[in-house]
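S.K.: What follows is input-v5.csv, CSV, C-alpha atoms and all ligand atoms.
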chain,number,residue,atom,x,y,z
A,98,MET,CA,-17.8,-86.4,-1.0
A,99,ASP,CA,-17.3,-86.3,2.7
A,100,TYR,CA,-19.3,-89.3,3.8
A,101,LYS,CA,-18.0,-91.0,7.0
A,102,ASN,CA,-20.9,-93.0,8.4
A,103,ILE,CA,-22.6,-95.5,6.2
A,104,THR,CA,-25.6,-97.6,7.1
A,105,VAL,CA,-26.5,-100.8,5.4
A,106,ALA,CA,-30.1,-102.0,5.8
A,107,GLY,CA,-30.7,-105.7,5.3
A,108,SER,CA,-27.7,-107.9,6.1
A,109,GLY,CA,-28.3,-110.9,3.9
A,110,VAL,CA,-26.1,-112.1,1.0
A,111,LEU,CA,-25.4,-108.7,-0.5
A,112,GLY,CA,-26.0,-106.5,2.5
A,113,SER,CA,-23.3,-108.3,4.6
A,114,GLN,CA,-20.8,-108.0,1.7
A,115,ILE,CA,-21.5,-104.3,1.2
A,116,ALA,CA,-21.2,-103.6,4.9
A,117,TYR,CA,-17.9,-105.5,5.2
A,118,GLN,CA,-16.3,-104.0,2.0
A,119,THR,CA,-17.3,-100.5,3.2
A,120,ALA,CA,-15.7,-101.1,6.6
A,121,PHE,CA,-12.7,-102.7,5.0
A,122,LYS,CA,-12.1,-99.4,3.1
A,123,GLY,CA,-12.1,-97.4,6.4
A,124,PHE,CA,-15.7,-96.2,6.8
A,125,ASP,CA,-17.7,-96.5,10.0
A,126,VAL,CA,-20.6,-98.8,9.2
A,127,SER,CA,-23.9,-99.5,10.9
A,128,VAL,CA,-25.8,-102.6,9.9
A,129,TYR,CA,-29.6,-102.7,10.3
A,130,ASP,CA,-31.8,-105.8,10.2
A,131,ILE,CA,-35.2,-106.6,11.5
A,132,ASN,CA,-34.5,-108.5,14.7
A,133,ASP,CA,-31.8,-109.9,16.9
A,134,GLU,CA,-31.8,-113.3,15.2
A,135,ALA,CA,-31.2,-111.6,11.8
A,136,ILE,CA,-28.4,-109.6,13.4
A,137,GLU,CA,-26.8,-112.8,14.8
A,138,LYS,CA,-26.8,-114.2,11.3
A,139,ALA,CA,-25.3,-111.0,9.9
A,140,LYS,CA,-22.4,-111.3,12.4
A,141,GLU,CA,-21.8,-114.9,11.3
A,142,ARG,CA,-21.9,-114.0,7.6
A,143,ILE,CA,-19.5,-111.1,8.1
A,144,THR,CA,-17.2,-113.2,10.2
A,145,LYS,CA,-17.0,-115.7,7.3
A,146,LEU,CA,-16.1,-112.9,4.9
A,147,LYS,CA,-12.9,-112.2,7.0
A,148,SER,CA,-11.3,-115.4,5.8
A,149,ARG,CA,-12.3,-114.8,2.2
A,150,TYR,CA,-10.6,-111.4,2.3
A,151,GLN,CA,-7.5,-113.1,3.7
A,152,GLU,CA,-7.5,-115.8,1.0
A,153,ASP,CA,-8.6,-113.8,-2.0
A,154,LEU,CA,-7.1,-110.4,-1.3
A,155,GLU,CA,-4.2,-111.5,0.9
A,156,ALA,CA,-5.5,-109.1,3.6
A,157,THR,CA,-3.7,-109.4,7.0
A,158,LYS,CA,-5.4,-110.6,10.1
A,159,ASP,CA,-5.1,-107.1,11.6
A,160,ASP,CA,-6.8,-105.6,8.5
A,161,VAL,CA,-9.7,-108.0,8.5
A,162,ASP,CA,-10.2,-107.6,12.3
A,163,ALA,CA,-10.0,-103.8,12.2
A,164,ALA,CA,-12.7,-103.8,9.4
A,165,PHE,CA,-15.0,-106.0,11.5
A,166,ASN,CA,-14.5,-103.7,14.5
A,167,ARG,CA,-15.7,-100.7,12.4
A,168,ILE,CA,-19.1,-102.3,12.1
A,169,SER,CA,-22.0,-101.7,14.6
A,170,PHE,CA,-25.2,-103.8,14.6
A,171,TYR,CA,-28.7,-102.5,15.2
A,172,SER,CA,-32.3,-103.8,15.0
A,173,ASP,CA,-33.6,-100.3,15.6
A,174,LEU,CA,-33.7,-98.2,12.4
A,175,ALA,CA,-33.6,-94.8,14.1
A,176,LYS,CA,-30.4,-95.8,16.0
A,177,ALA,CA,-28.9,-97.4,13.0
A,178,THR,CA,-29.3,-94.2,10.9
A,179,ALA,CA,-28.8,-91.6,13.7
A,180,ASP,CA,-25.7,-90.0,12.0
A,181,ALA,CA,-25.8,-91.7,8.6
A,182,ASP,CA,-24.4,-89.8,5.6
A,183,LEU,CA,-25.5,-92.6,3.2
A,184,ILE,CA,-27.8,-95.6,3.7
A,185,ILE,CA,-27.6,-98.5,1.3
A,186,GLU,CA,-30.7,-100.6,1.2
A,187,ALA,CA,-30.4,-104.3,0.6
A,188,VAL,CA,-33.7,-105.6,1.9
A,189,PRO,CA,-35.5,-108.4,0.0
A,190,GLU,CA,-36.5,-107.9,-3.6
A,191,VAL,CA,-40.2,-107.5,-2.8
A,192,VAL,CA,-42.0,-104.2,-3.7
A,193,ASN,CA,-44.1,-104.0,-0.5
A,194,ILE,CA,-41.1,-104.7,1.8
A,195,LYS,CA,-39.1,-102.0,0.1
A,196,THR,CA,-41.9,-99.5,0.0
A,197,ASP,CA,-42.7,-100.0,3.7
A,198,PHE,CA,-39.0,-99.8,4.6
A,199,TYR,CA,-38.6,-96.5,2.8
A,200,LYS,CA,-41.6,-95.0,4.5
A,201,GLU,CA,-40.3,-95.9,7.9
A,202,LEU,CA,-36.8,-94.8,6.9
A,203,ALA,CA,-38.2,-91.4,5.7
A,204,SER,CA,-39.6,-90.8,9.2
A,205,VAL,CA,-36.5,-91.6,11.2
A,206,ALA,CA,-33.4,-90.7,9.1
A,207,PRO,CA,-31.7,-87.3,9.4
A,208,GLU,CA,-32.4,-84.8,6.7
A,209,LYS,CA,-28.8,-85.0,5.4
A,210,THR,CA,-28.9,-88.8,4.7
A,211,ILE,CA,-28.7,-90.0,1.1
A,212,PHE,CA,-30.7,-93.2,0.3
A,213,ALA,CA,-29.4,-95.8,-2.2
A,214,THR,CA,-31.1,-99.0,-3.3
A,215,ASN,CA,-29.2,-102.1,-4.3
A,216,SER,CA,-32.2,-103.6,-6.1
A,217,SER,CA,-31.4,-105.7,-9.1
A,218,THR,CA,-34.7,-105.6,-10.9
A,219,MET,CA,-36.6,-102.6,-9.6
A,220,LEU,CA,-36.2,-98.9,-10.6
A,221,PRO,CA,-35.6,-96.2,-8.1
A,222,SER,CA,-38.6,-94.1,-9.4
A,223,GLN,CA,-40.8,-96.9,-8.0
A,224,PHE,CA,-39.8,-95.8,-4.5
A,225,ALA,CA,-38.9,-92.2,-4.9
A,226,ASP,CA,-42.2,-90.9,-3.3
A,227,ALA,CA,-41.9,-93.3,-0.4
A,228,THR,CA,-38.5,-92.0,0.4
A,229,GLY,CA,-39.9,-88.5,1.0
A,230,ARG,CA,-36.6,-87.1,-0.5
A,231,PRO,CA,-36.5,-88.1,-4.2
A,232,SER,CA,-33.7,-85.8,-5.0
A,233,LYS,CA,-31.5,-87.6,-2.5
A,234,PHE,CA,-32.3,-91.1,-3.7
A,235,LEU,CA,-30.8,-93.3,-6.4
A,236,ALA,CA,-29.7,-96.9,-7.2
A,237,LEU,CA,-26.2,-98.2,-6.2
A,238,HIS,CA,-26.0,-101.8,-7.4
A,239,PHE,CA,-23.3,-104.2,-6.5
A,240,ALA,CA,-22.5,-107.7,-7.8
A,241,ASN,CA,-22.3,-110.8,-5.6
A,242,GLU,CA,-18.7,-111.4,-4.2
A,243,ILE,CA,-18.2,-107.7,-4.2
A,244,TRP,CA,-14.6,-107.9,-3.2
A,245,LEU,CA,-13.8,-109.8,-6.4
A,246,ASN,CA,-16.5,-108.6,-8.8
A,247,ASN,CA,-16.0,-105.0,-7.9
A,248,THR,CA,-18.5,-103.1,-10.1
A,249,ALA,CA,-20.9,-100.6,-8.8
A,250,GLU,CA,-23.6,-99.4,-11.2
A,251,ILE,CA,-24.9,-96.0,-10.1
A,252,MET,CA,-28.3,-95.1,-11.6
A,253,LYS,CA,-30.2,-91.9,-11.2
A,254,HIS,CA,-33.9,-91.5,-11.6
A,255,GLU,CA,-35.3,-88.3,-13.1
A,256,GLY,CA,-35.5,-86.5,-9.8
A,257,THR,CA,-32.1,-87.4,-8.5
A,258,ASP,CA,-29.9,-84.3,-7.8
A,259,MET,CA,-26.8,-84.4,-10.0
A,260,ASN,CA,-24.5,-83.5,-7.1
A,261,VAL,CA,-25.9,-86.5,-5.1
A,262,PHE,CA,-25.2,-88.7,-8.1
A,263,GLU,CA,-21.6,-87.5,-8.4
A,264,GLU,CA,-21.1,-87.9,-4.6
A,265,VAL,CA,-22.2,-91.5,-4.8
A,266,VAL,CA,-20.0,-92.2,-7.8
A,267,GLU,CA,-17.1,-90.9,-5.7
A,268,PHE,CA,-18.2,-93.0,-2.7
A,269,ALA,CA,-18.3,-96.2,-4.9
A,270,LYS,CA,-14.7,-95.5,-6.0
A,271,ALA,CA,-13.7,-94.9,-2.4
A,272,ILE,CA,-14.8,-98.4,-1.4
A,273,GLY,CA,-12.8,-100.0,-4.2
A,274,MET,CA,-15.4,-100.3,-6.8
A,275,VAL,CA,-15.2,-99.5,-10.5
A,276,ALA,CA,-18.0,-97.0,-10.8
A,277,LEU,CA,-20.3,-97.4,-13.7
A,278,PRO,CA,-22.6,-94.4,-14.0
A,279,LEU,CA,-26.0,-94.7,-15.7
A,280,HIS,CA,-27.6,-91.3,-16.4
A,281,LYS,CA,-31.1,-92.7,-17.1
A,282,GLU,CA,-33.2,-95.4,-15.6
A,283,GLN,CA,-32.7,-98.7,-17.3
A,284,PRO,CA,-34.2,-102.0,-16.1
A,285,GLY,CA,-31.3,-104.5,-15.7
A,286,TYR,CA,-28.8,-101.7,-15.6
A,287,ILE,CA,-25.9,-102.0,-18.1
A,288,LEU,CA,-24.8,-105.6,-17.5
A,289,ASN,CA,-28.1,-107.3,-17.7
A,290,SER,CA,-29.3,-105.1,-20.6
A,291,LEU,CA,-26.4,-106.7,-22.5
A,292,LEU,CA,-26.2,-110.2,-20.9
A,293,VAL,CA,-29.9,-111.2,-20.8
A,294,PRO,CA,-30.5,-110.8,-24.6
A,295,LEU,CA,-27.2,-112.6,-25.4
A,296,LEU,CA,-28.0,-115.6,-23.1
A,297,GLU,CA,-31.6,-115.7,-24.5
A,298,ALA,CA,-30.4,-115.7,-28.1
A,299,ALA,CA,-27.9,-118.5,-27.4
A,300,GLN,CA,-30.6,-120.6,-25.8
A,301,MET,CA,-33.0,-120.0,-28.7
A,302,LEU,CA,-30.4,-121.2,-31.2
A,303,LEU,CA,-30.2,-124.4,-29.2
A,304,VAL,CA,-33.9,-125.0,-28.8
A,305,LYS,CA,-34.5,-124.3,-32.5
A,306,GLU,CA,-31.8,-126.9,-33.2
A,307,VAL,CA,-29.8,-124.4,-35.2
A,308,ALA,CA,-26.5,-125.4,-33.6
A,309,ASP,CA,-25.2,-127.3,-30.6
A,310,ILE,CA,-24.0,-125.8,-27.3
A,311,GLU,CA,-20.3,-126.1,-28.0
A,312,THR,CA,-20.5,-124.6,-31.5
A,313,ILE,CA,-22.5,-121.7,-30.2
A,314,ASP,CA,-20.0,-121.0,-27.4
A,315,LYS,CA,-17.0,-121.5,-29.8
A,316,THR,CA,-18.4,-119.0,-32.2
A,317,TRP,CA,-18.8,-116.3,-29.5
A,318,MET,CA,-15.3,-117.0,-28.1
A,319,ILE,CA,-13.5,-116.9,-31.4
A,320,ALA,CA,-15.4,-113.9,-32.8
A,321,THR,CA,-15.1,-111.7,-29.7
A,322,GLY,CA,-12.1,-113.1,-27.9
A,323,ALA,CA,-14.2,-113.7,-24.8
A,324,PRO,CA,-12.9,-116.3,-22.4
A,325,GLN,CA,-16.4,-118.0,-22.1
A,326,GLY,CA,-19.4,-118.4,-24.3
A,327,PRO,CA,-23.0,-117.9,-23.3
A,328,PHE,CA,-23.6,-121.5,-22.1
A,329,ALA,CA,-20.5,-121.3,-19.9
A,330,ILE,CA,-21.9,-118.0,-18.5
A,331,LEU,CA,-25.3,-119.7,-17.9
A,332,ASP,CA,-23.6,-122.4,-15.9
A,333,VAL,CA,-22.3,-119.7,-13.5
A,334,VAL,CA,-25.6,-117.8,-13.4
A,335,GLY,CA,-27.3,-121.1,-12.7
A,336,VAL,CA,-29.8,-123.0,-14.8
A,337,THR,CA,-32.6,-122.4,-12.2
A,338,THR,CA,-32.4,-118.7,-12.8
A,339,ALA,CA,-32.4,-119.1,-16.6
A,340,TYR,CA,-35.5,-121.4,-16.2
A,341,ASN,CA,-37.4,-119.0,-14.0
A,342,ILE,CA,-36.8,-116.1,-16.4
A,343,THR,CA,-37.8,-118.3,-19.4
A,344,LYS,CA,-40.9,-119.7,-17.7
A,345,GLU,CA,-42.1,-116.2,-16.8
A,346,LYS,CA,-41.5,-115.0,-20.4
A,347,ALA,CA,-43.4,-118.0,-21.8
A,348,GLU,CA,-46.4,-117.3,-19.6
A,349,LYS,CA,-46.3,-113.6,-20.4
A,350,THR,CA,-45.9,-113.8,-24.1
A,351,GLY,CA,-47.4,-117.2,-24.9
A,352,ASP,CA,-44.5,-117.7,-27.3
A,353,PRO,CA,-44.1,-121.5,-28.0
A,354,GLY,CA,-40.3,-121.0,-28.4
A,355,PHE,CA,-39.9,-119.9,-24.8
A,356,LYS,CA,-42.3,-122.7,-23.7
A,357,LYS,CA,-40.1,-125.3,-25.5
A,358,LEU,CA,-37.0,-123.8,-23.9
A,359,ALA,CA,-38.5,-123.8,-20.4
A,360,ASP,CA,-39.4,-127.5,-20.9
A,361,LEU,CA,-35.9,-128.4,-22.1
A,362,LEU,CA,-34.3,-126.6,-19.2
A,363,LYS,CA,-36.6,-128.4,-16.7
A,364,THR,CA,-36.4,-132.0,-18.1
A,365,GLU,CA,-32.8,-132.1,-19.3
A,366,TYR,CA,-31.1,-130.0,-16.6
A,367,ILE,CA,-33.1,-129.2,-13.5
A,368,ASP,CA,-34.7,-132.6,-13.1
A,369,LYS,CA,-31.3,-134.2,-13.5
A,370,GLY,CA,-29.7,-132.0,-11.0
A,371,LYS,CA,-27.6,-130.2,-13.6
A,372,LEU,CA,-27.9,-126.7,-12.2
A,373,GLY,CA,-24.5,-125.3,-13.4
A,374,THR,CA,-21.2,-124.8,-11.6
A,375,ALA,CA,-22.9,-125.0,-8.2
A,376,THR,CA,-23.7,-128.7,-8.7
A,377,GLY,CA,-20.6,-129.6,-10.8
A,378,GLU,CA,-22.6,-130.0,-14.0
A,379,GLY,CA,-24.9,-127.8,-16.2
A,380,PHE,CA,-24.2,-127.4,-19.9
A,381,TYR,CA,-20.6,-128.4,-19.1
A,382,LYS,CA,-19.0,-130.7,-16.5
A,383,TYR,CA,-16.8,-129.2,-13.8
A,384,PRO,CA,-14.0,-129.0,-13.0
A,385,ASN,CA,-12.1,-128.9,-16.3
A,386,PRO,CA,-15.1,-128.0,-18.6
A,387,LYS,CA,-14.6,-128.7,-22.3
A,388,PHE,CA,-14.5,-125.0,-23.3
A,389,MET,CA,-11.3,-124.7,-21.3
A,390,GLU,CA,-9.5,-127.4,-23.2
A,391,PRO,CA,-6.6,-126.0,-25.3
A,392,ASP,CA,-8.1,-127.3,-28.6
A,393,PHE,CA,-11.7,-126.2,-27.9
A,394,LEU,CA,-11.4,-123.3,-30.4
A,395,GLU,CA,-10.2,-125.6,-33.2
A,396,ASN,CA,-11.9,-127.9,-35.6
A,397,ASP,CA,-13.2,-131.2,-34.1
A,401,LIG,P1,-31.2,-111.8,1.3
A,401,LIG,O1,-32.6,-112.5,1.3
A,401,LIG,O2,-30.0,-112.6,1.3
A,401,LIG,O3,-31.2,-110.7,2.4
A,401,LIG,C1,-32.2,-109.8,2.8
A,401,LIG,C2,-32.0,-109.3,4.2
A,401,LIG,O4,-33.0,-108.3,4.5
A,401,LIG,C3,-32.2,-110.4,5.3
A,401,LIG,O5,-31.1,-110.3,6.2
A,401,LIG,C4,-33.5,-110.1,6.0
A,401,LIG,O6,-33.5,-110.4,7.4
A,401,LIG,C5,-33.5,-108.6,5.8
A,401,LIG,N1,-34.9,-108.0,5.8
A,401,LIG,C6,-36.1,-108.5,5.6
A,401,LIG,N2,-37.0,-107.6,5.8
A,401,LIG,C7,-36.4,-106.5,6.1
A,401,LIG,C8,-36.9,-105.2,6.4
A,401,LIG,N3,-38.2,-104.9,6.4
A,401,LIG,N4,-36.0,-104.2,6.8
A,401,LIG,C9,-34.7,-104.5,6.8
A,401,LIG,N5,-34.2,-105.7,6.5
A,401,LIG,C10,-35.1,-106.7,6.2
A,401,LIG,O7,-31.3,-110.9,-0.1
A,401,LIG,P2,-30.0,-110.4,-1.0
A,401,LIG,O8,-29.7,-111.5,-2.0
A,401,LIG,O9,-28.9,-109.9,-0.1
A,401,LIG,O10,-30.7,-109.3,-1.8
A,401,LIG,C11,-31.0,-108.0,-1.2
A,401,LIG,C12,-31.1,-106.9,-2.3
A,401,LIG,O11,-29.8,-107.0,-3.0
A,401,LIG,C13,-32.2,-107.2,-3.3
A,401,LIG,O12,-32.7,-105.9,-3.7
A,401,LIG,C14,-31.4,-107.8,-4.5
A,401,LIG,O13,-32.1,-107.5,-5.7
A,401,LIG,C15,-30.1,-107.1,-4.4
A,401,LIG,N6,-29.0,-107.8,-5.0
A,401,LIG,C16,-28.8,-109.2,-4.8
A,401,LIG,C17,-27.7,-109.8,-5.4
A,401,LIG,C18,-27.4,-111.3,-5.1
A,401,LIG,O14,-26.6,-111.9,-5.9
A,401,LIG,N7,-27.9,-111.9,-4.1
A,401,LIG,C19,-26.9,-109.1,-6.3
A,401,LIG,C20,-27.1,-107.7,-6.5
A,401,LIG,C21,-28.2,-107.1,-5.8
Would you write the structure of this file as structure tokens?

M.R.:
Amino acid sequence: MDYKNITVAGSGVLGSQIAYQTAFKGFDVSVYDINDEAIEKAKERITKLKSRYQEDLEATKDDVDAAFNRISFYSDLAKATADADLIIEAVPEVVNIKTDFYKELASVAPEKTIFATNSSTMLPSQFADATGRPSKFLALHFANEIWLNNTAEIMKHEGTDMNVFEEVVEFAKAIGMVALPLHKEQPGYILNSLLVPLLEAAQMLLVKEVADIETIDKTWMIATGAPQGPFAILDVVGVTTAYNITKEKAEKTGDPGFKKLADLLKTEYIDKGKLGTATGEGFYKYPNPKFMEPDFLEND
């Protein structure tokens, strides 16, 4: 892997983090966004990251400034990709926006450039044709707060060249990620393929009145040694996200269980402002939620 110049397209929540982490690890980074206003926002977002790196990683002022100075900003895609070895796409999670973006990118990017999508819910095969270079295209998926949650799921589609796949795995390691290779396409990658069914099962136990929240979490924590149970995890994910997923499933399947769960999440949590850790209360109250009390794993 001899990548030097990395372009990040879309400089929102994730794009700005990917750009800054990549620059922090010594690569030259070009950030692309649609207009000057979006670029100004990107500069603000990335400037804010400097203090997080100082607080969370004990990075020095010189280090965080040097990282910022390795980033250039563009609202012209051809200029942003002129010498790119790899472009990481983090534009909105909307099929048409991504498809149009790849068509434009295909017409301006140099032949050598590898394309990677950070999409959370879409598969690379959906866009492989639009890229015009399916063998040099794959998914490279990061988690929010990339400098702390340093996983990178690398997922090929059928047409991805195995050498490209291996190079991107090496690149992920080079920017401080723990690389998690997926050799086949899988909606939700590894993490959500495990997590979504767990969280759904926990919520169905609640809505069927099989057991209460604390008993469900306690069971999982004792049995697996996990530091949190599914409802504590849901508080971090956010009740709104859980509600949106459940509502969509209820509409798609017509299953009365999902409908009942969606109603419960809406009336008992969302309408009462209990959205999870973000609002200080969800299934638990923060700080000092009950599941962190020393006797939580014992009998009542
Ligand atoms: P966001 O809305 O915060 O940022 C999107 C950025 O793309 C904005 O800066 C916007 O100006 C820009 N943009 C809009 N249209 C564009 C275009 N045509 N070309 C280039 N840029 C354009 O979104 P986000 O949360 O950063 O998500 C971006 C991608 O990252 C999505 O695919 C999402 O699934 C994925 N992702 C998000 C998270 C997360 O926690 N937010 C985590 C992992 C992956």

S.K.: At a cut-off of 10 Å, using only C-alpha atoms, what residues contact Leu362 in chain A? Leave out same-chain residues fewer than 3 positions from it and give the result as a list in words.

M.R.: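 Near neighbours after the sequence-gap exclusion: Gln300, Val304, Val336, Thr337, Ala339, Tyr340, Asn341, Thr343, Lys344, Lys356, Lys357, Leu358, Ala359, Glu365, Tyr366, Ile367, Asp368, Lys369, Lys371, Leu372 and Gly379 of chain A.
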
S.K.: Nearest residue to ligand LIG 401 (chain A) out of A:Glu378, A:Glu311, A:Glu250, A:Asp160, using only C-alpha atoms and all ligand atoms?

M.R.: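 Between A:Glu378, A:Glu311, A:Glu250, A:Asp160, the residue approaching ligand LIG 401 (chain A) most closely is A:Glu250.
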
S.K.: Which residue gives the smallest distance to ligand LIG 401 (chain A) among A:Leu183, A:Ile243, A:Ala203, A:Met318, with only C-alpha atoms and all ligand atoms counted?

M.R.: A:Ile243

S.K.: Please identify the residues whose atoms come within 9 Å of ligand LIG 401 (chain A), using all atoms listed in the file, and report them as a PyMOL selection string.

M.R.: chain A and resi 106-114+129-132+134-136+138-139+172+174+186-191+194-195+197-198+214-219+238-242

S.K.: Which of these residues is nearest to Lys387 in chain A, using all atoms listed in the file: A:Asp182, A:Asp352, A:Asp314, A:Glu264?

M.R.: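 Closest to Lys387 in chain A, using all atoms listed in the file: A:Asp314.
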
S.K.: One number please: CA of Leu394 in chain A to CA of Thr312 in chain A, in Å, one decimal.

M.R.: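 Taking CA of Leu394 in chain A and CA of Thr312 in chain A, their separation equals 9.3 Å.
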
S.K.: What's the 9 Å shell around Leu220 in chain A, counting only C-alpha atoms, without same-chain residues fewer than 5 positions away, as a list in words?

M.R.: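 Here the answer would be Thr214, Leu235, Ala236, Met252, His254, Glu282, Gln283 and Pro284 of chain A.
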
S.K.: How many Å separate CA of Ser290 in chain A from CA of Thr248 in chain A?

M.R.: 15.2 Å

S.K.: What does the distance from CA of Pro207 in chain A to CA of Val192 in chain A come to in Å, to one decimal?

M.R.: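 CA of Pro207 in chain A sits 23.7 Å away from CA of Val192 in chain A.
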
S.K.: Quick one: everything within 10 Å of Glu395 in chain A, counting all atoms listed in the file, minus sequence neighbours fewer than 3 positions away in the same chain. Send it as a PDB file with C-alpha atoms, keeping the file's coordinate frame.

M.R.:
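Produced file out.pdb, reproduced below:
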ATOM      1  CA  LYS A 315     -17.000-121.500 -29.800  1.00  0.00           C
ATOM      2  CA  ILE A 319     -13.500-116.900 -31.400  1.00  0.00           C
ATOM      3  CA  PRO A 391      -6.600-126.000 -25.300  1.00  0.00           C
ATOM      4  CA  ASP A 392      -8.100-127.300 -28.600  1.00  0.00           C
TER       5      ASP A 392
END

S.K.: With all atoms listed in the file as the atoms that count, which of A:Asn193, A:Asn247, A:Thr104, A:Thr144 lies nearest to Ala269 in chain A?

M.R.: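 Using all atoms listed in the file, Ala269 in chain A sits closest to A:Asn247.
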
S.K.: Using all atoms listed in the file, find the one residue out of A:Phe234, A:Phe165, A:Phe388, A:Phe393 that sits nearest to Lys209 in chain A.

M.R.: A:Phe234

S.K.: Would you kindly return, as a list in words, each protein, DNA or RNA residue with an atom no farther than 8 Å from any atom of range 145-151 of chain A, considering only C-alpha atoms and excluding same-chain residues fewer than 6 positions away?

M.R.: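 Listed by chain and then number, they are Gln114, Tyr117, Thr157, Lys158, Val161, Asp162, Phe165 and Trp244 of chain A.
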
S.K.: When distances are computed from all atoms listed in the file, which of A:Ile185, A:Val334, A:Ala116, A:Ile287 shows the smallest separation from Ala375 in chain A?

M.R.: A:Val334

S.K.: Using all atoms listed in the file, which protein or nucleic acid residues come within 7 Å of range 122-127 of chain A? Drop anything in the same chain fewer than 4 positions from it, and give the result as a PyMOL selection string.

M.R.: chain A and resi 101-105+116+118+167-170+177+272

S.K.: Save out the residues we just selected, C-alpha atoms, as a compact mmCIF listing (two decimals), in the coordinates of the input.

M.R.:
# COMPACT_ATOMS: atom_id res chain seq x y z
CA LYS A 101 -18.00 -91.00 7.00
CA ASN A 102 -20.90 -93.00 8.40
CA ILE A 103 -22.60 -95.50 6.20
CA THR A 104 -25.60 -97.60 7.10
CA VAL A 105 -26.50 -100.80 5.40
CA ALA A 116 -21.20 -103.60 4.90
CA GLN A 118 -16.30 -104.00 2.00
CA ARG A 167 -15.70 -100.70 12.40
CA ILE A 168 -19.10 -102.30 12.10
CA SER A 169 -22.00 -101.70 14.60
CA PHE A 170 -25.20 -103.80 14.60
CA ALA A 177 -28.90 -97.40 13.00
CA ILE A 272 -14.80 -98.40 -1.40
